[in-house]
Structure formats: C-alpha cells, structure tokens
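To keep things clear, I will list the structure first and then write my remarks on it.
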Protein chains: 2
Amino acid sequence: MLREELIRVARGELEAELVLKNARVINVFSGDVHVTDVAIARSLIVGLGEYRGRHEIDLRGRYLAPGFIDAHVHIESSMLSVPEFGRAVVPRGTTTVIADPHEIANVMGLAGVRYILDTSKYNPLSVYVMAPSCVPATDLETAGSSLSAEDIEPLLADKWVIGLGEMMNYPGVLFCDDGVLAKIHAASGRPIDGHAPGLAGKDLCAYVVAGVASDHECTTVEEAREKLRVGMHIMIREGSTARNLHSLLPLVTPENARRCMFVTDDRHPSDLLREGHIDFLLREAVAQGLDPITAIQMATINPAEYFRLYDKGAVAPGRRADLVVLSDLRDIRPEMVFRGGQLVAQDGQVLPGIVTPVQTPLRGSVNVAPLAAEALRVPATGGRMRVIGVSEGQIVTEKLMLAPRVEDDLAVADVERDILKLAVVERHLASGRVGLGFVHGFGLQRGAIAGSVAHDSHNIVVLGTNDADMLAAVQEVVRMGGGLTAVVDGKAIESVPLPIAGLMSSQPLEAVAAQLDRLLAAARDLGATLHDPFMSLSFLALPVIPALKLTDRGLVDVTQFRFVPLFEP
Amino acid sequence: MLREELIRVARGELEAELVLKNARVINVFSGDVHVTDVAIARSLIVGLGEYRGRHEIDLRGRYLAPGFIDAHVHIESSMLSVPEFGRAVVPRGTTTVIADPHEIANVMGLAGVRYILDTSKYNPLSVYVMAPSCVPATDLETAGSSLSAEDIEPLLADKWVIGLGEMMNYPGVLFCDDGVLAKIHAASGRPIDGHAPGLAGKDLCAYVVAGVASDHECTTVEEAREKLRVGMHIMIREGSTARNLHSLLPLVTPENARRCMFVTDDRHPSDLLREGHIDFLLREAVAQGLDPITAIQMATINPAEYFRLYDKGAVAPGRRADLVVLSDLRDIRPEMVFRGGQLVAQDGQVLPGIVTPVQTPLRGSVNVAPLAAEALRVPATGGRMRVIGVSEGQIVTEKLMLAPRVEDDLAVADVERDILKLAVVERHLASGRVGLGFVHGFGLQRGAIAGSVAHDSHNIVVLGTNDADMLAAVQEVVRMGGGLTAVVDGKAIESVPLPIAGLMSSQPLEAVAAQLDRLLAAARDLGATLHDPFMSLSFLALPVIPALKLTDRGLVDVTQFRFVPLFEP
C-alpha cells in the first residue's frame, strides 16, 4: 500500500528514492527559509530532516522552491503545442498551469478541449483545465463550435478539469441569462474564474454573489482593492500585450498577499523565449520591491489553495515533488527543475527523453468553401463608409467615416490614404460567408497578410492592398491547414503554419519564434508599420471590444452590439 | 431561482431583506477596515456598498466581523447539550464550531454522533462534525462502542461531517496499523485533524505524509514551528486545562498567520461563563500584542479555508451572513451576533425564541450490573501496593509504592495518609466488571465522590473513604442516568445530573455552572483539596496518559502499556 510505504520512508525504515541534500527550503507555510534534506519517494516529498536515498543530489545550500504555477493561461496564445509549451516553460520553473482552452474550444469544441487534455500527458508540466465558459463568445460571428452547460457537465467529470473558465460574459451574469447561470450552476462548488475589466460597485457584487471567485483583468490598485474586498482572488497578469504587474504590485501587503497570484494569460513565443514565464514575473516583482518569499507564495501555495490542489505548491511531506532550485532570490532563475521527483530540466533546457509527444489525431480545422475572386468585391453604394481605425498597442478600434476610393463602381483599397481592404472568411462550416470592410492604420504598401488566429472565433482574417493578393493569402492559410502568411504578387513570401486548430504550431518554441520574426520582417517589407501587425489583425474580428469590428457576418458596431452597413445610407 | 434573486438584490433591482448600514467591516481578505453598508438576503451577504432594505440597522461605524469559528471542540466537555452550548457561545460571537464528538461516541457509538448532529439543528450555531477516529481509545478498557473505518465511511456521507477527527493514535499511524490507515483512507481528500503532543522529526513527517493536516497539541513555539514547516495547520488552544495561547502566540507572523487558528478543545462551564469562548482567546491574543485583524482572520477565514467551508469566514458577497458587531478591537466583546442574517444574540444573551430544542430520543447510557458491597473489597495480598499519585493541575500521575492499611485481611482507605480507594465500574455492558485500586492526593476526609465522566470510555469512576459511601455514590450516578455526585453517610449531598450519555446536562449553562459550584463546595467540605477533584477524577481512568491509571479491567502501567497487579508480588 502506497501510504504505508510513504510512512516507512518518512520514518527512515525504507530508503528514499531521491534525497536533495542541504537544500535551503523556501517554506511557504512558515514564510521563512531553513536548511534541510528533502526526501522523495513515489513522486512525493516524504520528509524534511536528515535522510539517505538511493540517489542523492547535494544542493550545497542552494534554494529549493515549490514548482511555479501559472494560475491562468491560454496555451494557444503561445502558438505552441502542449508538449512544446511544456518544453518552453518547464525550464523556467513552471511545473503546473491552469489552462483555459477557450481558443481551441471556439474552433473545435469539446474535441479541442480533449485534445489539450490528451496532449498534456507524458509531459513534465501538469496541465489542469478550466472548462471554457464562453464558446462562442457572441452570436455576431460564426464559431467552430459551442459549449452549453450540458457539454460542460461531463467535462467537469474529468479529474484534470477543475472549474469553470473565465466568465467573460459578465453582462450575461448580471442579466441572469439562463444559459450562463446554467454553466455556473454546473460548476458550483468548484473555482469559477472571472474576467470583468472595470466592473465595480453593485454589479461587481452581483458577479461575485453569482459564484465568480477570481479576476485577472484589474489594471489599477483601486480596481484590484475593490475586487479583493468583495472576496475575489486577484490574479496579477503580465502577458505579452496586457501587462499589469507594475501597476498592481503596490496592492500586495503581508495581510492580503494570500489572495493574490501571478498569471500570464496570453504570452507570445518571443516573450516566452526572451523574457520567460512565471519566473519573469517573479524577477520583475522582486525587482520592484516585493519580498521574494511572498512572491514565491503567490506563484505556488496561493494558486494551489485557490484551485484546491492540495498536493501542490509547497516543499512539505505529502506534496508532489515539483521543485525548483535557485541560487539567488533577488534574481530568480531556475537552475534545476524537478517534476514528481524527476529532474526534468537543467540550465534552461528540458533534459533529453523527458517530453514524449503523444500522437493524438486531430481533424483539420480549416473548412473553407471555394472562394471566387468576386467574393472579395465591394460595390460602392454610398459616399462615406465606416472604416476601422487601428492604433499601435491597442485592441480597441476607432470608428472612422471616410470616402471610399472607387474603381469600376467598386470600393477598393487606397494605399495613399492607408485604407486597406479587410475580409473575414468563415472557416469552420464552409458556409462561404465572407465579411468585408476597410481598415486604417496598418500602413501596408503592397501585398496582403492573413491568418487563422482571429479572436474569438478564429475565422480567417485577411487585409491587403489588392484582391488578388488577399485571395492568395487566404488560399495559403487554407493550404497550410491554418497559419499566418504574408503575400505579395500572388506568392507567399513568409508563413507560419499553425496546423493545430489553425492556432498552434507543431514546431519547437525556437523555430516558431524564428518563423514569426521572419514573417514580421516580411510584413514590414510590405510596408506594415505596426509593431506586430498579425496580433493587431487577430483582434479585428473580436466583436466584444469597441468600437468597430468585422466578423464573417458583417461589420459590428460594438458599442451598439449590432451589425451596421459598410456605407452610410 | 436563488442565484437569480441574489444577483438582482446585489444589483439593487430587488430590495434586500436586511441592510446593516454604516458598518466598519473587518475585511479578512484585504486585511483592512472600511466603512460600507452590508446587504443581506436569503441568509447570505449579497452586497457591500450603499443599499436599502426592508429592515435596516444603523451600526453607526461599529465594527462588523465574520462570526467566529472554533476549529476544534469537544462539546461534551462543556457538559451542556448542543442547544445549550449554542446558547452559551453564540452571544460570545461564535457562530460555527468544528466538533469532534469523541466522548459521546465512546459511550454510544454512531448513535451518539448522530445525536450531536440531530440536536445541532434549529440552533443559532453551525455545528460541523469530524468523525471520531479513535473509538475506543485503547483496548485496555471497556468502551460503550467502537467505530471502525466501515462505520466512518457512511458517517462521512452526511453533509455536516467534514473530515476525520483528531488522530490521537499516532503510534498506530507510525506503525501502519491496518485499522488506523483504513480510517485515514476513508477520509482521504478531506481534512484529517491531528493530535500528536511532542511528535517531531521523521515520525512527524510520517504522520503528515500519512495525511494528517493539523495539530492542536503544541506547547512551545519550537514544536509549533516544526509542525508548521512540515505543512500542518496550527490550532492554538486555550481550553480549561490545556492553555497554550500565551506560549504559542510568538509563533504568529504576518507571513505564517494564515496557517494558524484558534481552538478551545475542552472548556468547562465555569470558564465558558466567566472567561468566554473564542472571544476570550481574541481578547487575550490582542492584549498580548497580536494585531486584531490578524487575530480575527485566525478565528474566521483561516478555519473556513482549512475546513473548506467556502461560504463562511468573511464579510463578502456569497458568504453566509454570520456576523458579529463590536465596538472596540482592543477589547473584543460581541454586542450583536447575526446568524444567516438573523439577529440571534445581543448584549451577551441569545434572543428569545432563537433556540428551539429538538426532542431527540436517546437511550439511557448507564447500564450497570447490580453491585454487591463485596464487589469493592480488596483482599490484602501483599505488603506494598501500587498507588496512583495525583497532583494539582496535572493529568499525568505518579506511580507510588505504599504499604496498605489492612482491616480483616482487606486493604482499605487510609484517610490519615490520604490513601483513598478508587474503583472504575463498567457502565456500558452491565458486565459487572470493577477495577479496584488506591489513589493519593485528593485529601478526602469523609464520604465519596463519583462520576460518569471518565475519559475516554466514561465508565463510572468513584473514590472514597469507605465502601458504603462509594457504593452509594455509584448508585446515585446510576439513579441519575449519569452524572457527578458527592456522598457522605450514605446520602448524596450534591449532584449534577448528566443524563445525556452520562456526559451532558439538559440544563442551561448558568444552572450547570451553579450546580458544579455547589458540588465542588460539597467536595471541599468532605476534605477535597484539589482545585477541581471531579476533573482530576475524570482522568484517572485514561490509560494513554502516564504513569499509572485504573480502568474497569484493572490497573494499567501506561509507560509499559500493560496491566499490572495492585500488590507487588
């Protein structure tokens, strides 16, 4: 019996499998540091004290912390498969993530969620899943699937599915939408994550009383303090785009730190590669003055307790031996990473043989009706049209009213005035639906760019200076079974294939980051002026962020939450 | 639907049932204090902010704290029925207790546990139960019942039974006793409380790796720190006899306070009446320098989180409106107490009509075979006998070797040398078993004292200066169906009836305390010198505390854990 064996190892009657000698343990319970051996057997820590083991590693007084936990992440945003995501973050000290597979669920529904669960096996990373709560995000667009409360219930029976993912549809909560409350009801008694930027006062209380227990969208200390006071766990986010760490750190005090944790939400490959993962947040937080032990508590025991993972988050008997070795608490850089007592990464690299990619069949996700050149034509039916205005670093757009450039009674791109044509091509049901519009702010002078990453329904979004290149770009994305591309003169010059749901690559982190770098350089060659035009592109079809967006079903005035015609009547 | 109604009240669309206006909320999440209204509906807090309600109470800036939680208590030690215990502690601010009905379970088994559960209903106190883990405590005595893992499993299906009670049999854990591990296995995934005075080092690690998660037996900061570091939740106890608050408070720091909580374990009626309950611990802790908000966290959110009572322990939306109104954080004295949004106590008294005692049938627990006078005779078969030596304030006894006083070949009490006869009369199975011995240190000059409270099996324990009074005392206890008595010249001069399992009165706190005062005065009249001779008497039959004890089965040398003859061979 396992329990008996563990007791006997702890008592020293049986030899431990592994002993980490002379560890300077970061003790998240006592909030201090003490030197001891740590005995490990059967993937678990069994004893602190003086132990002997079959294998011994002398840490010579180096720090030993619990493995880090990312409390909220969309793995899809890394564009990496789960095994490759693990390969990217485990050497950084992250041994557990709480993933919300919201993106792949919008494309592939339950099959997408199960794919994430399946590909998480045989990986040095523990991937817990929150059941996506908002698939589809709206009914203003065509998603690949939908998840109702009836779908979420069986999902919650999986031991790795531990709660309900971020309830972005907070208006649905506040207005007591039946389907929304049914999902909350299905998950009651488990953690239910929130997502409610700026929600305050009585509406915030209503959101919390409905059952929502966390928020990762705070941008100011005042907002975070109000959410903390009404009982929300505060997830401090430092993603690639949304970066709230420095604004929110002043919130944290010894009296409230237990309610705070760290999350990355969305991190792109280059940021994972250059900055890191939770280790980056720890370094930044400590550099900004947070006590290192408090910071490590926020990355370990706090999320473990919130998510009720009672065997995680501490260096103590009975906990899983997910451990990180560090030399300097002022500059937290994991040197060795153990998962379940196995050394899985050292000096920034996963050790050979540790990641065993699972061959998990997944159907193709790109299902586009044959697209004729005419499909992209926009008859000019008015003197002024609604143009989406994009600015650097913003996912909020402006609603511009501009005169079209007209050729042969068709409204066309006008490079001079930086007005490019934009199309969203439905890619899930081969419906042939194409939404058409115009966008200002990308600066493209030639060619077209396109991608199958387009929040939240992930149709194919394409913008360009001419229809032929736009068509070629869509065809290249279809040919790759999903991906990003830059096209000029009918030919793809750089591409990043994303065959997994049109969202994720099957290549390693370094390869994906290099491909993306080349793609961005190609887009800049075409004249693109934004820092990351593909990221900006990916938000143009998201009809929950103001002010004007385009979906496969048409142009959406988000402030009015309804479709509007392209041309002023 | 309840959730919809709560959302609408929180948003201000529906009127709240009760609004506490201008409350200075002790916020256990943010660790600070802020003034707000608190809106209540359907027993729950629904909103913080500005609210109107059908009823409103203006707190005019008085403090509002969550109801206090006693994380470990044996209600039986109060000698009060559950409703009367509630009447005693609720005005003190305690709205939830985690009870281990270990004593009544030793007498009545599952029926006793169910009795505690049944009589907890319709009471302003929430009584959660930990399934008793050690019934009987040993096989050196005759208990009224036994609970195996097979008994504990169905008990855990009750929603009010939330874990496994203090695992006192830590040697059983360390030596991997099958029955002990089976109980732990039955409760795995739930809180399992510990009880391991002085356990340290590898044995402590083994105890924790087995699954034990808390300890309330620490007496020094060093012991508590070691237990904290290996992951135990530390319950700081201030009972009637065991008082560890002042020794342990220096342990508590802002970094580790979350792992600490307050418990009373065993509090006698007079201490409940004169000192109080958790409110007393809070006053003492603050007086000793603990930050009042930290202290209140330890009495509210900390036990709520440890016991996974996610709707308790905070003044926040979605939590039960168990609330305490205070004027002074430096002298915590509850002025109003709400339970589920209902005002249940004010100015130290439960309001009329709040406690509705349930008529719950419970069989008599005193089942004694007719006792002939000869049953108490001790033939003098040696020149020296083993005598139990008792000292003030100690439950540990000494093993004395003394010459008997002999009359007619019988060893008898010798008042001159303060050697009294002691008997333990089996009261569960009418077996007729009587354990006989002698005790030094009580000082009785005349008569006898007896009681049916005798840890842990609660047989009838009697000591006296002569057999006739001892017999009369046993008969008086039997006549009362359990209780405590002082007898002289064949007549009971004072008694405290304890008809519930021979452990608990059906009278209110004040009456029980007054009866006990009179009983203690009567015992003093008979010459008793100890502060509380009945409490000392109740531990003479507990064969897990050294050195020499007497059970119905005979004299036990606890250090050798075996029976020994009264006379030296």
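Labels used: A, B, ... for chains in the order of the structure tokens, numbers from 1 for residues in each chain, and numbers from 1 for ligands as shown.
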
Practice prompt. Define the interface residues of chain B facing chain A as those within 7 Å, counting only C-alpha atoms, and report them as an MDAnalysis selection string.
Written response: chainID B and resid 3:4 6:7 10:11 27 29:31 46:49 174 176 201:203 205:206 208:210 228:231 254:256 259 316:318

Worksheet entry | Residue contacts of region 497-510 of chain A (6 Å, only C-alpha atoms) excluding same-chain residues fewer than 3 positions away, as a VMD selection string | chain A and resid 79 to 81 84 365 452 to 453 480 to 483 513

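Residues surrounding Asp279 (chain B) within 10 Å are Phe68, Val89, Pro91, Arg92, Gly93, Thr94, Glu275, Arg283, Glu284, Ala285, Ile296, Ala299, Asp331, Ile332, Arg333 and Pro334 of chain B [only C-alpha atoms; sequence separation below 4 positions excluded].
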
With C-alpha atoms retained, could you export that selection as a PDB file, in the first residue's frame?
```pdb
ATOM      1  CA  PHE B  68     -16.063  33.315  14.960  1.00  0.00           C
ATOM      2  CA  VAL B  89     -21.178  30.520  22.940  1.00  0.00           C
ATOM      3  CA  PRO B  91     -23.597  35.517  22.377  1.00  0.00           C
ATOM      4  CA  ARG B  92     -19.807  35.352  22.585  1.00  0.00           C
ATOM      5  CA  GLY B  93     -19.640  35.662  18.790  1.00  0.00           C
ATOM      6  CA  THR B  94     -19.037  32.006  17.917  1.00  0.00           C
ATOM      7  CA  GLU B 275     -13.967  33.893  30.520  1.00  0.00           C
ATOM      8  CA  ARG B 283      -9.084  39.389  23.744  1.00  0.00           C
ATOM      9  CA  GLU B 284      -6.106  37.598  25.218  1.00  0.00           C
ATOM     10  CA  ALA B 285      -4.250  37.449  21.907  1.00  0.00           C
ATOM     11  CA  ILE B 296      -9.889  37.822  13.631  1.00  0.00           C
ATOM     12  CA  ALA B 299     -10.807  32.948  14.111  1.00  0.00           C
ATOM     13  CA  ASP B 331     -11.311  44.566  23.799  1.00  0.00           C
ATOM     14  CA  ILE B 332     -13.328  42.271  21.562  1.00  0.00           C
ATOM     15  CA  ARG B 333     -16.790  41.857  23.128  1.00  0.00           C
ATOM     16  CA  PRO B 334     -19.587  40.958  20.721  1.00  0.00           C
TER      17      PRO B 334
END
```

Practice prompt. Please report, as a PyMOL selection string, each residue of region 295-488 of chain B to which DSSP assigns alpha helix (DSSP H) when run on this structure's backbone.
Written response: chain B and resi 295-298+301-306+467-480

Item to complete: Among the residues of region 54-169 of chain B, find those DSSP assigns to strand (DSSP E) from the backbone and print them as a PyMOL selection string.
Response: chain B and resi 54-58+63-66+68-73+94-99+126-131+161-167

Write out, as a compact mmCIF listing (two decimals), in the first residue's frame, the residues just selected, with N, CA, C and O atoms.
```
# COMPACT_ATOMS: atom_id res chain seq x y z
N ARG B 54 -35.59 46.04 3.49
CA ARG B 54 -36.87 46.04 4.21
C ARG B 54 -36.63 46.34 5.69
O ARG B 54 -37.40 47.03 6.31
N HIS B 55 -35.53 45.77 6.21
CA HIS B 55 -35.11 46.13 7.56
C HIS B 55 -33.74 46.76 7.46
O HIS B 55 -32.93 46.34 6.64
N GLU B 56 -33.51 47.72 8.29
CA GLU B 56 -32.19 48.36 8.30
C GLU B 56 -31.75 48.55 9.75
O GLU B 56 -32.57 48.87 10.61
N ILE B 57 -30.50 48.30 9.99
CA ILE B 57 -29.92 48.57 11.31
C ILE B 57 -28.71 49.45 11.09
O ILE B 57 -27.80 49.07 10.33
N ASP B 58 -28.70 50.60 11.71
CA ASP B 58 -27.58 51.52 11.53
C ASP B 58 -26.52 51.18 12.57
O ASP B 58 -26.74 51.35 13.77
N TYR B 63 -17.76 48.13 14.42
CA TYR B 63 -17.08 47.10 13.62
C TYR B 63 -18.03 45.95 13.31
O TYR B 63 -18.87 45.58 14.14
N LEU B 64 -17.85 45.38 12.13
CA LEU B 64 -18.60 44.19 11.75
C LEU B 64 -17.60 43.13 11.32
O LEU B 64 -16.86 43.31 10.33
N ALA B 65 -17.55 42.04 12.08
CA ALA B 65 -16.59 40.96 11.79
C ALA B 65 -17.37 39.72 11.38
O ALA B 65 -18.56 39.59 11.69
N PRO B 66 -16.71 38.78 10.69
CA PRO B 66 -17.36 37.49 10.44
C PRO B 66 -17.57 36.77 11.77
O PRO B 66 -16.82 36.99 12.73
N PHE B 68 -17.27 34.06 14.59
CA PHE B 68 -16.06 33.32 14.96
C PHE B 68 -16.28 31.81 14.78
O PHE B 68 -17.40 31.31 14.90
N ILE B 69 -15.18 31.13 14.53
CA ILE B 69 -15.20 29.68 14.31
C ILE B 69 -14.25 29.02 15.30
O ILE B 69 -13.08 29.39 15.38
N ASP B 70 -14.77 28.07 16.08
CA ASP B 70 -13.90 27.26 16.93
C ASP B 70 -13.52 26.03 16.11
O ASP B 70 -14.38 25.20 15.80
N ALA B 71 -12.24 25.92 15.79
CA ALA B 71 -11.80 24.90 14.82
C ALA B 71 -11.68 23.50 15.43
O ALA B 71 -11.49 22.54 14.69
N HIS B 72 -11.80 23.39 16.74
CA HIS B 72 -11.72 22.05 17.35
C HIS B 72 -12.27 22.11 18.77
O HIS B 72 -11.66 22.70 19.66
N VAL B 73 -13.40 21.47 18.97
CA VAL B 73 -14.01 21.49 20.30
C VAL B 73 -14.74 20.18 20.56
O VAL B 73 -15.34 19.59 19.65
N THR B 94 -19.34 33.25 18.63
CA THR B 94 -19.04 32.01 17.92
C THR B 94 -20.28 31.56 17.17
O THR B 94 -21.30 31.28 17.78
N THR B 95 -20.19 31.49 15.85
CA THR B 95 -21.35 31.06 15.06
C THR B 95 -21.14 29.71 14.40
O THR B 95 -22.07 29.14 13.86
N THR B 96 -19.90 29.22 14.45
CA THR B 96 -19.60 27.91 13.85
C THR B 96 -18.58 27.19 14.74
O THR B 96 -17.61 27.81 15.19
N VAL B 97 -18.82 25.91 14.97
CA VAL B 97 -17.80 25.10 15.63
C VAL B 97 -17.56 23.84 14.81
O VAL B 97 -18.45 23.35 14.12
N ILE B 98 -16.32 23.37 14.89
CA ILE B 98 -15.98 22.07 14.33
C ILE B 98 -15.85 21.15 15.52
O ILE B 98 -14.90 21.24 16.29
N ALA B 99 -16.85 20.29 15.68
CA ALA B 99 -16.94 19.47 16.88
C ALA B 99 -16.43 18.07 16.60
O ALA B 99 -16.73 17.50 15.55
N SER B 126 -23.72 26.86 13.89
CA SER B 126 -23.46 25.82 12.89
C SER B 126 -22.47 24.84 13.49
O SER B 126 -21.35 25.22 13.84
N VAL B 127 -22.89 23.59 13.59
CA VAL B 127 -22.02 22.56 14.18
C VAL B 127 -21.60 21.59 13.09
O VAL B 127 -22.40 20.80 12.60
N TYR B 128 -20.34 21.68 12.67
CA TYR B 128 -19.79 20.68 11.77
C TYR B 128 -19.10 19.62 12.61
O TYR B 128 -18.59 19.91 13.70
N VAL B 129 -19.10 18.41 12.09
CA VAL B 129 -18.59 17.29 12.88
C VAL B 129 -17.41 16.63 12.16
O VAL B 129 -17.43 16.46 10.95
N MET B 130 -16.41 16.33 12.93
CA MET B 130 -15.31 15.49 12.44
C MET B 130 -15.60 14.08 12.97
O MET B 130 -15.88 13.90 14.17
N ALA B 131 -15.53 13.10 12.10
CA ALA B 131 -15.80 11.72 12.51
C ALA B 131 -14.73 11.27 13.50
O ALA B 131 -13.54 11.32 13.19
N VAL B 161 -20.70 16.28 8.24
CA VAL B 161 -19.49 15.57 8.70
C VAL B 161 -18.41 15.83 7.65
O VAL B 161 -18.52 15.41 6.51
N ILE B 162 -17.38 16.57 8.04
CA ILE B 162 -16.49 17.14 7.02
C ILE B 162 -15.07 16.60 7.05
O ILE B 162 -14.26 17.00 6.23
N GLY B 163 -14.78 15.69 7.96
CA GLY B 163 -13.42 15.15 7.97
C GLY B 163 -13.26 14.13 9.07
O GLY B 163 -14.24 13.66 9.66
N LEU B 164 -12.01 13.78 9.31
CA LEU B 164 -11.70 12.79 10.35
C LEU B 164 -11.13 13.51 11.57
O LEU B 164 -10.22 14.33 11.45
N GLY B 165 -11.69 13.19 12.74
CA GLY B 165 -11.29 13.85 13.97
C GLY B 165 -9.89 13.47 14.42
O GLY B 165 -9.26 12.55 13.88
N GLU B 166 -9.43 14.20 15.40
CA GLU B 166 -8.04 14.11 15.83
C GLU B 166 -7.54 12.66 15.94
O GLU B 166 -8.05 11.87 16.70
N MET B 167 -6.51 12.37 15.18
CA MET B 167 -5.94 11.03 15.16
C MET B 167 -4.93 10.92 16.31
O MET B 167 -3.73 11.11 16.15
```

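Across the structure, CA of Val38 (chain B) and CA of Lys21 (chain B) are spaced 6.5 Å apart.
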
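Atom pair CA of Ala413 (chain A) / CA of Arg386 (chain A): separated by 13.5 Å.
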
Worksheet entry | Atomic distance CA of Ala448 (chain A) - CA of Met470 (chain A), expressed in Å with one decimal | 5.3 Å

Worksheet item: Counting only C-alpha atoms, which of A:Pro569, A:Leu540, A:Pro357, A:Val113 gets nearest to Ala380 (chain A)?
Response: A:Pro569
